file run_27.txt (compact mmCIF, C-alpha atoms)
# COMPACT_ATOMS: atom_id res chain seq x y z
CA MET T 1 1.76 62.34 72.76
CA LYS T 2 2.49 61.21 76.28
CA LYS T 3 4.44 62.88 79.02
CA ILE T 4 6.79 60.59 80.90
CA GLU T 5 9.21 60.98 83.76
CA ILE T 6 12.02 58.49 84.03
CA GLU T 7 15.46 58.38 85.58
CA VAL T 8 18.31 57.74 83.16
CA ASN T 9 21.76 57.06 84.59
CA GLY T 10 20.79 58.77 87.83
CA LYS T 11 19.33 61.90 86.22
CA LYS T 12 15.61 62.67 86.20
CA VAL T 13 14.25 63.19 82.72
CA SER T 14 10.84 64.56 81.80
CA LYS T 15 9.83 64.38 78.10
CA GLU T 16 6.87 64.55 75.77
CA ILE T 17 7.05 61.52 73.53
CA GLN T 18 4.96 59.91 70.81
CA ASP T 19 2.90 56.90 71.88
CA HIS T 20 4.95 54.53 69.71
CA THR T 21 8.39 55.79 70.78
CA THR T 22 10.53 52.87 71.93
CA LEU T 23 13.00 53.12 74.80
CA SER T 24 15.90 52.78 72.32
CA GLY T 25 14.41 55.65 70.28
CA LEU T 26 14.05 57.82 73.37
CA LEU T 27 17.63 57.13 74.45
CA ARG T 28 19.27 57.66 71.07
CA ASP T 29 17.14 60.22 69.25
CA ILE T 30 15.80 62.34 72.09
CA LEU T 31 18.43 62.04 74.85
CA ASN T 32 21.41 61.63 72.45
CA LEU T 33 22.66 58.61 74.37
CA THR T 34 23.92 56.79 71.30
CA GLY T 35 25.93 54.19 73.21
CA THR T 36 22.86 51.96 73.09
CA HIS T 37 22.93 50.47 69.60
CA ILE T 38 20.08 49.31 67.38
CA GLY T 39 20.90 46.23 65.32
CA CYS T 40 17.95 44.07 64.32
CA ASP T 41 15.33 46.36 65.95
CA THR T 42 13.17 43.28 66.67
CA SER T 43 14.68 42.00 69.96
CA GLN T 44 16.91 39.28 68.58
CA CYS T 45 20.43 40.72 68.41
CA GLY T 46 20.80 42.28 71.87
CA ALA T 47 22.83 45.37 70.82
CA CYS T 48 20.21 47.55 72.56
CA VAL T 49 20.28 45.89 76.01
CA VAL T 50 19.93 48.33 78.93
CA HIS T 51 18.84 47.90 82.53
CA VAL T 52 15.34 48.91 83.62
CA ASP T 53 14.73 48.82 87.37
CA GLY T 54 17.83 46.65 87.74
CA LYS T 55 17.00 44.04 85.09
CA SER T 56 18.40 43.72 81.58
CA ILE T 57 15.90 44.18 78.77
CA LYS T 58 15.99 44.89 75.05
CA SER T 59 15.25 48.58 74.71
CA CYS T 60 14.10 48.33 71.08
CA THR T 61 11.12 46.26 72.21
CA ALA T 62 9.91 48.35 75.14
CA LEU T 63 7.61 51.33 74.72
CA ALA T 64 8.90 54.43 76.47
CA ALA T 65 5.31 55.32 77.45
CA ASP T 66 5.07 52.09 79.37
CA LEU T 67 8.24 52.81 81.40
CA ASP T 68 6.95 55.98 83.08
CA GLY T 69 8.50 56.10 86.55
CA SER T 70 11.28 53.57 85.79
CA LYS T 71 15.01 53.77 86.43
CA VAL T 72 17.12 53.13 83.36
CA THR T 73 20.86 52.47 83.19
CA THR T 74 22.63 52.55 79.83
CA ILE T 75 26.24 51.82 78.86
CA GLU T 76 26.98 55.54 79.47
CA GLY T 77 25.93 55.09 83.10
CA LEU T 78 28.39 52.32 83.98
CA ALA T 79 31.64 54.28 84.37
CA SER T 80 31.90 56.43 87.47
CA ASN T 81 34.20 59.40 88.07
CA GLY T 82 35.98 58.78 84.79
CA LYS T 83 36.81 55.21 85.81
CA LEU T 84 35.61 52.35 83.64
CA HIS T 85 33.33 49.71 85.16
CA PRO T 86 35.23 46.42 85.82
CA MET T 87 33.25 44.79 82.99
CA GLN T 88 34.36 47.50 80.56
CA GLU T 89 37.98 47.14 81.79
CA ALA T 90 37.77 43.37 81.29
CA PHE T 91 36.43 43.70 77.71
CA LYS T 92 39.37 46.03 76.98
CA LYS T 93 41.96 43.79 78.60
CA MET T 94 40.74 40.51 77.10
CA HIS T 95 40.03 41.94 73.61
CA GLY T 96 36.32 41.20 74.07
CA LEU T 97 35.41 43.39 71.10
CA GLN T 98 36.28 43.60 67.44
CA CYS T 99 34.04 46.03 65.53
CA GLY T 100 32.38 47.02 68.81
CA PHE T 101 28.79 47.18 67.55
CA CYS T 102 27.45 44.49 69.88
CA THR T 103 29.63 45.56 72.81
CA PRO T 104 27.24 47.89 74.69
CA GLY T 105 24.59 45.16 74.76
CA MET T 106 27.11 42.45 75.65
CA VAL T 107 28.47 44.52 78.54
CA MET T 108 25.03 45.41 79.91
CA SER T 109 23.87 41.77 79.66
CA ALA T 110 27.05 40.51 81.32
CA VAL T 111 26.75 43.01 84.19
CA ASP T 112 23.23 41.69 84.84
CA LEU T 113 24.55 38.10 84.81
CA LEU T 114 27.13 38.86 87.50
CA LYS T 115 24.43 40.46 89.64
CA ASN T 116 22.64 37.10 89.70
CA LYS T 117 25.66 34.79 89.63
CA LYS T 118 29.01 35.80 91.08
CA ASN T 119 31.26 33.18 89.44
CA PRO T 120 29.53 31.80 86.35
CA SER T 121 31.00 28.89 84.39
CA ASP T 122 31.82 29.22 80.68
CA GLN T 123 28.58 27.40 79.87
CA GLU T 124 26.52 29.66 82.13
CA ILE T 125 28.05 32.74 80.47
CA ARG T 126 27.30 31.37 77.00
CA ASP T 127 23.74 30.46 78.00
CA TRP T 128 23.15 33.92 79.47
CA LEU T 129 24.50 35.69 76.39
CA GLU T 130 22.30 33.70 74.01
CA GLY T 131 20.30 36.84 73.25
CA ASN T 132 23.40 38.84 72.29
CA ILE T 133 24.77 38.27 68.81
CA CYS T 134 28.33 39.20 67.76
CA ARG T 135 28.61 39.20 63.97
CA CYS T 136 32.41 39.27 64.22
CA THR T 137 31.92 35.97 66.08
CA GLY T 138 34.24 37.12 68.84
CA TYR T 139 32.48 35.04 71.47
CA HIS T 140 35.58 33.33 72.84
CA ASN T 141 37.15 36.55 74.09
CA ILE T 142 33.78 37.90 75.23
CA VAL T 143 33.39 34.88 77.51
CA ALA T 144 37.00 35.34 78.70
CA ALA T 145 36.23 39.01 79.45
CA VAL T 146 33.15 38.13 81.53
CA LYS T 147 35.23 35.61 83.51
CA GLU T 148 37.95 38.20 84.05
CA ALA T 149 35.36 40.72 85.28
CA ALA T 150 33.85 38.10 87.61
CA SER T 151 37.26 37.60 89.23
CA LYS T 152 37.56 41.37 89.83
CA MET T 153 34.03 42.20 90.97
CA MET H 1 6.25 51.23 63.34
CA LYS H 2 2.88 52.84 62.59
CA THR H 3 1.65 54.97 65.44
CA PHE H 4 -1.19 54.05 67.76
CA ASN H 5 -2.88 55.34 70.87
CA TYR H 6 -1.22 53.97 73.99
CA HIS H 7 -3.43 53.38 77.03
CA SER H 8 -2.36 52.06 80.40
CA ALA H 9 -5.39 50.38 81.94
CA LYS H 10 -5.81 50.59 85.71
CA ASP H 11 -8.03 47.54 85.97
CA VAL H 12 -9.41 44.70 83.85
CA LYS H 13 -12.77 46.43 83.43
CA GLU H 14 -11.14 49.49 81.91
CA ALA H 15 -8.90 47.35 79.67
CA SER H 16 -11.89 45.45 78.35
CA LYS H 17 -13.88 48.64 77.80
CA LEU H 18 -11.06 50.21 75.76
CA ALA H 19 -10.71 47.13 73.55
CA SER H 20 -12.13 46.85 70.04
CA SER H 21 -11.54 44.80 66.89
CA ASN H 22 -8.71 47.24 66.11
CA SER H 23 -6.81 47.02 69.39
CA ALA H 24 -4.36 44.74 71.15
CA PHE H 25 -3.62 44.15 74.78
CA LEU H 26 0.04 44.70 75.63
CA ALA H 27 1.80 42.69 78.32
CA GLY H 28 5.50 41.97 77.67
CA GLY H 29 5.22 43.03 74.04
CA MET H 30 7.82 40.47 72.98
CA THR H 31 5.76 39.47 69.94
CA THR H 32 3.35 42.38 69.55
CA ILE H 33 6.02 45.07 69.22
CA PRO H 34 8.28 43.26 66.71
CA SER H 35 5.15 42.28 64.72
CA MET H 36 4.12 45.93 64.50
CA LYS H 37 7.65 46.96 63.50
CA LEU H 38 7.74 44.36 60.74
CA GLY H 39 4.36 45.55 59.44
CA LEU H 40 2.73 42.20 60.22
CA ALA H 41 0.25 43.87 62.56
CA SER H 42 -1.08 47.35 63.22
CA TYR H 43 -3.58 48.60 65.75
CA LYS H 44 -5.44 51.80 66.51
CA ASP H 45 -5.17 51.24 70.24
CA ILE H 46 -2.58 49.47 72.37
CA ILE H 47 -3.93 48.70 75.82
CA ASP H 48 -1.19 48.07 78.35
CA ILE H 49 -2.32 45.69 81.10
CA LYS H 50 1.02 45.42 82.93
CA ARG H 51 0.09 47.82 85.68
CA ILE H 52 -2.97 45.84 86.73
CA LYS H 53 -1.61 44.26 89.90
CA LYS H 54 -4.05 41.39 90.22
CA LEU H 55 -2.95 39.96 86.86
CA SER H 56 0.51 39.07 88.15
CA GLY H 57 1.62 36.45 90.65
CA ILE H 58 1.95 32.76 91.42
CA LYS H 59 -0.28 30.69 93.70
CA VAL H 60 0.29 27.04 94.52
CA SER H 61 -2.44 25.05 96.24
CA GLY H 62 -2.58 21.30 96.92
CA LYS H 63 -3.63 20.31 93.43
CA THR H 64 -3.01 23.30 91.19
CA VAL H 65 -0.54 26.02 90.24
CA THR H 66 -2.17 29.28 89.20
CA ILE H 67 -0.10 31.86 87.33
CA GLY H 68 -1.33 35.40 86.67
CA ALA H 69 -1.44 36.41 83.00
CA THR H 70 1.25 39.11 83.20
CA THR H 71 3.68 36.98 85.24
CA LYS H 72 7.03 37.03 83.46
CA HIS H 73 8.88 33.93 82.23
CA SER H 74 11.80 34.77 84.54
CA GLU H 75 9.43 34.76 87.54
CA VAL H 76 8.05 31.33 86.61
CA ALA H 77 11.56 30.00 85.95
CA SER H 78 12.88 31.11 89.34
CA SER H 79 9.79 30.40 91.46
CA LYS H 80 10.67 27.99 94.29
CA ASP H 81 7.00 27.03 94.61
CA ILE H 82 6.71 26.08 90.94
CA LYS H 83 10.06 24.27 90.97
CA LYS H 84 8.69 22.15 93.81
CA ALA H 85 5.16 21.58 92.47
CA ILE H 86 5.81 21.24 88.70
CA PRO H 87 9.57 21.39 88.02
CA SER H 88 9.04 20.79 84.30
CA LEU H 89 7.02 24.02 84.06
CA ALA H 90 9.81 26.11 85.62
CA ALA H 91 12.30 24.43 83.26
CA LEU H 92 10.08 25.25 80.26
CA ALA H 93 10.03 28.94 81.26
CA GLU H 94 13.83 28.91 81.63
CA GLY H 95 14.16 27.70 78.05
CA ILE H 96 12.12 30.48 76.40
CA GLY H 97 14.04 32.95 74.21
CA ASP H 98 16.88 34.61 76.12
CA PRO H 99 17.26 36.31 79.54
CA GLN H 100 16.04 39.70 78.31
CA VAL H 101 12.98 38.18 76.66
CA ARG H 102 12.28 36.23 79.87
CA ASN H 103 12.52 39.47 81.84
CA ARG H 104 9.66 40.98 79.80
CA GLY H 105 7.65 38.22 78.14
CA THR H 106 4.55 36.90 79.92
CA ILE H 107 2.64 33.62 80.07
CA GLY H 108 -0.68 35.28 79.14
CA GLY H 109 0.90 36.93 76.12
CA SER H 110 2.40 33.65 74.99
CA ILE H 111 -0.84 31.69 75.06
CA ALA H 112 -2.99 34.54 73.67
CA ASN H 113 -0.64 34.72 70.68
CA ASN H 114 -0.71 30.92 70.22
CA ASP H 115 2.37 30.77 68.06
CA PRO H 116 2.54 27.24 66.62
CA ALA H 117 6.13 26.97 67.95
CA ALA H 118 5.60 28.56 71.39
CA ASP H 119 6.39 26.51 74.51
CA TYR H 120 3.59 27.38 76.96
CA PRO H 121 0.65 26.07 74.87
CA SER H 122 2.09 22.53 75.20
CA ALA H 123 2.17 22.97 79.00
CA CYS H 124 -1.48 24.07 78.98
CA ILE H 125 -2.45 20.90 77.07
CA ALA H 126 -0.28 18.53 79.10
CA LEU H 127 -1.19 19.98 82.49
CA ASN H 128 -4.99 20.15 81.91
CA ALA H 129 -4.89 23.94 82.22
CA THR H 130 -7.92 26.11 82.73
CA ILE H 131 -7.62 29.60 81.26
CA HIS H 132 -9.50 32.12 83.38
CA THR H 133 -10.62 35.30 81.64
CA ASN H 134 -12.73 38.22 82.82
CA ASN H 135 -15.80 36.40 81.40
CA ARG H 136 -15.30 32.66 81.76
CA SER H 137 -13.04 29.70 82.40
CA ILE H 138 -11.88 27.77 79.34
CA ASP H 139 -10.31 24.30 79.06
CA ALA H 140 -6.96 24.40 77.25
CA GLU H 141 -8.16 21.81 74.72
CA LYS H 142 -10.89 24.25 73.62
CA PHE H 143 -8.80 27.42 73.98
CA PHE H 144 -6.26 26.81 71.18
CA ARG H 145 -8.13 26.92 67.86
CA GLY H 146 -5.50 27.07 65.12
CA MET H 147 -2.43 28.93 63.92
CA PHE H 148 -2.19 32.14 66.00
CA GLU H 149 -5.87 31.65 66.83
CA THR H 150 -7.63 31.17 70.16
CA CYS H 151 -11.26 31.33 71.22
CA LEU H 152 -10.69 34.70 72.96
CA LYS H 153 -13.01 37.57 72.04
CA SER H 154 -11.42 40.95 71.32
CA THR H 155 -12.58 42.44 74.63
CA GLU H 156 -11.68 39.36 76.66
CA VAL H 157 -8.68 39.58 79.00
CA ILE H 158 -6.81 36.49 80.25
CA GLU H 159 -6.50 36.85 84.02
CA ALA H 160 -4.76 33.63 85.06
CA ILE H 161 -3.81 30.15 83.95
CA GLU H 162 -4.48 27.28 86.34
CA PHE H 163 -2.40 24.09 85.86
CA SER H 164 -3.11 20.70 87.46
CA ILE H 165 -0.10 19.33 89.33
CA PRO H 166 0.77 15.98 87.70
CA GLU H 167 2.29 12.90 89.33
CA LYS H 168 5.25 13.29 87.00
CA SER H 169 6.05 15.29 83.90
CA SER H 170 8.77 16.50 81.58
CA TYR H 171 9.05 18.95 78.68
CA GLN H 172 11.72 18.28 76.09
CA LYS H 173 12.34 20.43 73.06
CA LEU H 174 14.50 20.72 70.02
CA PRO H 175 15.05 24.47 70.01
CA ASN H 176 15.73 26.58 66.97
CA PRO H 177 19.32 27.57 67.74
CA ALA H 178 18.70 31.25 66.98
CA SER H 179 15.26 31.99 68.42
CA ARG H 180 14.87 29.12 70.92
CA TYR H 181 11.35 28.59 69.61
CA ALA H 182 10.49 24.89 69.48
CA ILE H 183 11.22 23.13 66.20
CA ILE H 184 9.60 20.34 68.20
CA GLY H 185 8.53 20.41 71.83
CA VAL H 186 6.90 17.49 73.64
CA TYR H 187 5.35 17.84 77.09
CA VAL H 188 4.50 14.50 78.74
CA ALA H 189 2.44 14.60 81.94
CA LYS H 190 1.08 11.68 83.96
CA HIS H 191 -1.96 12.58 86.04
CA LYS H 192 -4.06 10.32 88.25
CA THR H 193 -6.83 10.83 85.70
CA GLY H 194 -4.76 10.05 82.60
CA ILE H 195 -1.75 10.89 80.44
CA ASN H 196 -1.36 13.88 78.13
CA VAL H 197 1.28 14.46 75.47
CA GLY H 198 1.23 18.11 74.43
CA VAL H 199 3.12 18.66 71.17
CA THR H 200 4.19 22.08 69.89
CA GLY H 201 6.18 23.16 66.83
CA ALA H 202 5.01 20.17 64.81
CA LYS H 203 1.70 21.29 63.28
CA SER H 204 -0.14 24.56 62.69
CA CYS H 205 -1.41 24.40 66.28
CA VAL H 206 -0.46 22.69 69.52
CA TYR H 207 -2.23 19.33 70.05
CA ASN H 208 -2.58 16.43 72.45
CA ASP H 209 -1.14 13.33 70.77
CA LYS H 210 -3.72 10.69 71.63
CA ASP H 211 -1.73 7.83 70.04
CA LEU H 212 1.31 8.53 72.18
CA ALA H 213 -0.86 9.07 75.27
CA GLY H 214 -2.66 5.77 74.56
CA ALA H 215 0.59 3.80 74.28
CA LEU H 216 1.90 5.38 77.49
CA THR H 217 -1.35 4.61 79.32
CA LYS H 218 -0.76 0.90 78.66
CA ASN H 219 2.91 1.04 79.55
CA PHE H 220 4.56 4.22 80.84
CA SER H 221 8.02 3.69 79.38
CA SER H 222 9.91 5.06 76.40
CA SER H 223 9.92 1.62 74.76
CA ALA H 224 6.11 1.82 74.55
CA ILE H 225 6.55 4.67 72.06
CA ASP H 226 8.63 2.56 69.64
CA GLY H 227 5.55 0.94 68.11
CA VAL H 228 3.59 4.19 67.62
CA LYS H 229 3.38 5.48 64.05
CA ILE H 230 3.50 9.27 63.74
CA SER H 231 2.09 10.56 60.47
CA SER H 232 3.92 13.48 58.85
CA SER H 233 0.98 14.50 56.65
CA GLU H 234 -0.11 17.49 58.76
CA MET H 235 3.37 18.42 60.02
CA ASN H 236 5.03 21.74 59.27
CA SER H 237 7.83 21.81 56.74
CA ASP H 238 10.26 24.73 56.53
CA ILE H 239 13.95 25.59 56.15
CA HIS H 240 14.63 24.28 59.65
CA ALA H 241 13.02 20.87 59.41
CA SER H 242 11.00 18.81 56.90
CA SER H 243 7.68 17.24 57.90
CA ASP H 244 9.20 13.74 57.96
CA TYR H 245 12.02 14.94 60.21
CA ARG H 246 9.52 16.61 62.54
CA ALA H 247 7.43 13.42 62.76
CA ASN H 248 10.55 11.50 63.70
CA MET H 249 11.56 14.13 66.26
CA VAL H 250 8.13 14.05 67.93
CA LYS H 251 8.78 10.40 68.66
CA ALA H 252 12.39 10.94 69.73
CA PHE H 253 11.50 13.81 72.06
CA ALA H 254 8.48 12.01 73.47
CA LYS H 255 10.83 9.17 74.44
CA LYS H 256 13.27 11.65 75.93
CA ALA H 257 10.47 13.23 77.94
CA VAL H 258 9.24 9.89 79.30
CA ASP H 259 12.78 8.93 80.31
CA ALA H 260 13.18 12.28 82.11
CA CYS H 261 9.89 11.93 84.03

call {"tool": "encode", "arguments": {"input": "run_27.txt", "output": "structure tokens"}}
result
Amino acid sequence: MKKIEIEVNGKKVSKEIQDHTTLSGLLRDILNLTGTHIGCDTSQCGACVVHVDGKSIKSCTALAADLDGSKVTTIEGLASNGKLHPMQEAFKKMHGLQCGFCTPGMVMSAVDLLKNKKNPSDQEIRDWLEGNICRCTGYHNIVAAVKEAASKM
Amino acid sequence: MKTFNYHSAKDVKEASKLASSNSAFLAGGMTTIPSMKLGLASYKDIIDIKRIKKLSGIKVSGKTVTIGATTKHSEVASSKDIKKAIPSLAALAEGIGDPQVRNRGTIGGSIANNDPAADYPSACIALNATIHTNNRSIDAEKFFRGMFETCLKSTEVIEAIEFSIPEKSSYQKLPNPASRYAIIGVYVAKHKTGINVGVTGAKSCVYNDKDLAGALTKNFSSSAIDGVKISSSEMNSDIHASSDYRANMVKAFAKKAVDAC
């Protein structure tokens, strides 16, 4: 067992965890933040993307023990004061989701993209989202949603 | 995933001391963690080396680029110094996996794993790399032994990889559309001392294609490659590409690389 202290969505969290607990496991099973989804569980599908110290990573492939002292933002941390984040608004407006399973990862990845690039082209959006898989194949509207968010942010 | 004892080493000495035949060093974990989840690997001890500061960073001198073992792919891809000194190396890093993998995965992890389809081993071969560990300095040609096999000992920690800056170079790959691993990757580099053609994805281990290098030494142009015969006998064959197709692609991508130099 290891004791770790991390900040999740602005709140300090101190927990005893097993050495092999992943960040996705900590978020979902211990902190009940089930917005972060687990799809493939081997870092290919991107449903589990969260931000750690400002950068998007796949939380299924990071050990919680190794993130002691980090700041984590999950999909639950995007909205503020009951108001959706512009990326969430854009996914809603442009029908950027069908079943919704991949959506938390898509949104978190896309928010990281816009941090690095304010007005990405369609190709740049598609390249950036290459680690996020949508099994409904709703990519067209996902790209449209990211463009819509870029115009609002 | 089977449990293990997690250690975060404060320096290389401690990391090496904790290591055994039943342990693994952890940097980005982009291969180690999925391998453990899939039951392909299990360890008693996982020794995290990410917090050892001296293992990370980029140094460019007149003739070489030295990259610390735990430097992330995203750092190599966005480094202005590397883009200026060896642009093909920054471009290679930009083509690994996806943004989240590049935010975690490290150069030391990539070469220590020596996946037959990984990108960085071809750069080590093409750019006459020296792999510096806590015990010795190893030439890339001697470092990569076979499929997922290097000459590293279990207590040996890669500290940095030193690349020679070539006169010109290019890395071209045919990526697997899902994983972005190389179905074929060809790294052509022209140095004052000679030409290297590092090929990954084709065989069980990265190699320097002496026939291609020989043809390019006589005439550094893509047409020089036309006459070279590439044997498919040792090439990989899988659902993505047959051995004959791979042999053909080695040639096609070598030509592409020369044209892009």

call {"tool": "residues_around", "arguments": {"input": "run_27.txt", "residues": "Ser70 in chain T", "least_positions_apart": "5", "cutoff": "9 Å", "atoms": "only C-alpha atoms", "output": "list in words"}}
result
Glu5, Ile6, Glu7, Val8, Val52 and Asp53 of chain T

call {"tool": "closest_atom_pairs", "arguments": {"input": "run_27.txt", "of": "chain T", "to": "chain H", "cutoff": "9 Å", "atoms": "all atoms listed in the file", "output": "CSV"}}
result
residue,atom,partner,partner_atom,distance
T:Met1,CA,H:Asn5,CA,8.6
T:Lys2,CA,H:Tyr6,CA,8.5
T:Gln18,CA,H:Thr3,CA,8.0
T:Asp19,CA,H:Tyr6,CA,5.5
T:His20,CA,H:Thr3,CA,5.4
T:Thr21,CA,H:Thr3,CA,8.6
T:Asp41,CA,H:Pro34,CA,7.7
T:Thr42,CA,H:Pro34,CA,4.9
T:Ser43,CA,H:Pro34,CA,7.3
T:Gln44,CA,H:Ser179,CA,7.5
T:Gly46,CA,H:Gln100,CA,8.4
T:Val49,CA,H:Gln100,CA,7.8
T:Lys55,CA,H:Asn103,CA,7.2
T:Ser56,CA,H:Gln100,CA,5.7
T:Ile57,CA,H:Gln100,CA,4.5
T:Lys58,CA,H:Gln100,CA,6.1
T:Cys60,CA,H:Pro34,CA,8.9
T:Thr61,CA,H:Ile33,CA,6.0
T:Ala62,CA,H:Gly29,CA,7.2
T:Leu63,CA,H:Ile33,CA,8.5
T:Ala65,CA,H:Tyr6,CA,7.5
T:Asp66,CA,H:Ser8,CA,7.5
T:Ser109,CA,H:Gln100,CA,8.2
T:Asp127,CA,H:Asp98,CA,8.2
T:Trp128,CA,H:Pro99,CA,6.4
T:Leu129,CA,H:Asp98,CA,7.7
T:Glu130,CA,H:Asp98,CA,5.9
T:Gly131,CA,H:Asp98,CA,5.0
T:Asn132,CA,H:Asp98,CA,8.7

call {"tool": "residues_around", "arguments": {"input": "run_27.txt", "residues": "Ile184 in chain H", "least_positions_apart": "5", "cutoff": "7 Å", "atoms": "only C-alpha atoms", "output": "ChimeraX atom specification"}}
result
/H:173-174,200-202,246,249-250

call {"tool": "residues_around", "arguments": {"input": "run_27.txt", "residues": "Lys152 in chain T", "least_positions_apart": "5", "cutoff": "9 Å", "atoms": "all atoms listed in the file", "output": "list of chain:residue names"}}
result
T:Pro86, T:Met87, T:Ala90, T:Lys147

call {"tool": "atom_distance", "arguments": {"input": "run_27.txt", "atom1": "CA of Lys3 in chain T", "atom2": "CA of Glu16 in chain T"}}
result
4.4 Å

call {"tool": "atom_distance", "arguments": {"input": "run_27.txt", "atom1": "CA of Ala117 in chain H", "atom2": "CA of Ala93 in chain H"}}
result
14.0 Å

call {"tool": "atom_distance", "arguments": {"input": "run_27.txt", "atom1": "CA of Asn134 in chain H", "atom2": "CA of Ser122 in chain H"}}
result
22.9 Å

call {"tool": "build_atoms", "arguments": {"input": "run_27.txt", "residues": "range 34-47 of chain H", "atoms": "N, CA and C atoms", "output": "tab-separated table (two decimals), keeping the file's coordinate frame"}}
result
chain	number	residue	atom	x	y	z
H	34	PRO	N	7.61	43.60	67.97
H	34	PRO	CA	8.28	43.26	66.71
H	34	PRO	C	7.31	43.06	65.55
H	35	SER	N	6.13	42.48	65.81
H	35	SER	CA	5.15	42.28	64.72
H	35	SER	C	4.71	43.61	64.12
H	36	MET	N	4.53	44.61	65.00
H	36	MET	CA	4.12	45.93	64.50
H	36	MET	C	5.27	46.57	63.72
H	37	LYS	N	6.50	46.38	64.21
H	37	LYS	CA	7.65	46.96	63.50
H	37	LYS	C	7.83	46.35	62.12
H	38	LEU	N	7.56	45.05	62.02
H	38	LEU	CA	7.74	44.36	60.74
H	38	LEU	C	6.54	44.56	59.80
H	39	GLY	N	5.54	45.31	60.28
H	39	GLY	CA	4.36	45.55	59.44
H	39	GLY	C	3.42	44.36	59.36
H	40	LEU	N	3.61	43.38	60.23
H	40	LEU	CA	2.73	42.20	60.22
H	40	LEU	C	1.43	42.48	60.96
H	41	ALA	N	1.45	43.51	61.80
H	41	ALA	CA	0.25	43.87	62.56
H	41	ALA	C	0.23	45.37	62.76
H	42	SER	N	-0.97	45.94	62.82
H	42	SER	CA	-1.08	47.35	63.22
H	42	SER	C	-2.40	47.53	63.95
H	43	TYR	N	-2.40	48.41	64.91
H	43	TYR	CA	-3.58	48.60	65.75
H	43	TYR	C	-3.83	50.09	65.95
H	44	LYS	N	-5.09	50.41	66.18
H	44	LYS	CA	-5.44	51.80	66.51
H	44	LYS	C	-5.11	52.06	67.98
H	45	ASP	N	-5.40	51.07	68.80
H	45	ASP	CA	-5.17	51.24	70.24
H	45	ASP	C	-4.33	50.10	70.80
H	46	ILE	N	-3.36	50.45	71.61
H	46	ILE	CA	-2.58	49.47	72.37
H	46	ILE	C	-2.94	49.67	73.84
H	47	ILE	N	-3.44	48.59	74.44
H	47	ILE	CA	-3.93	48.70	75.82
H	47	ILE	C	-2.99	47.92	76.74
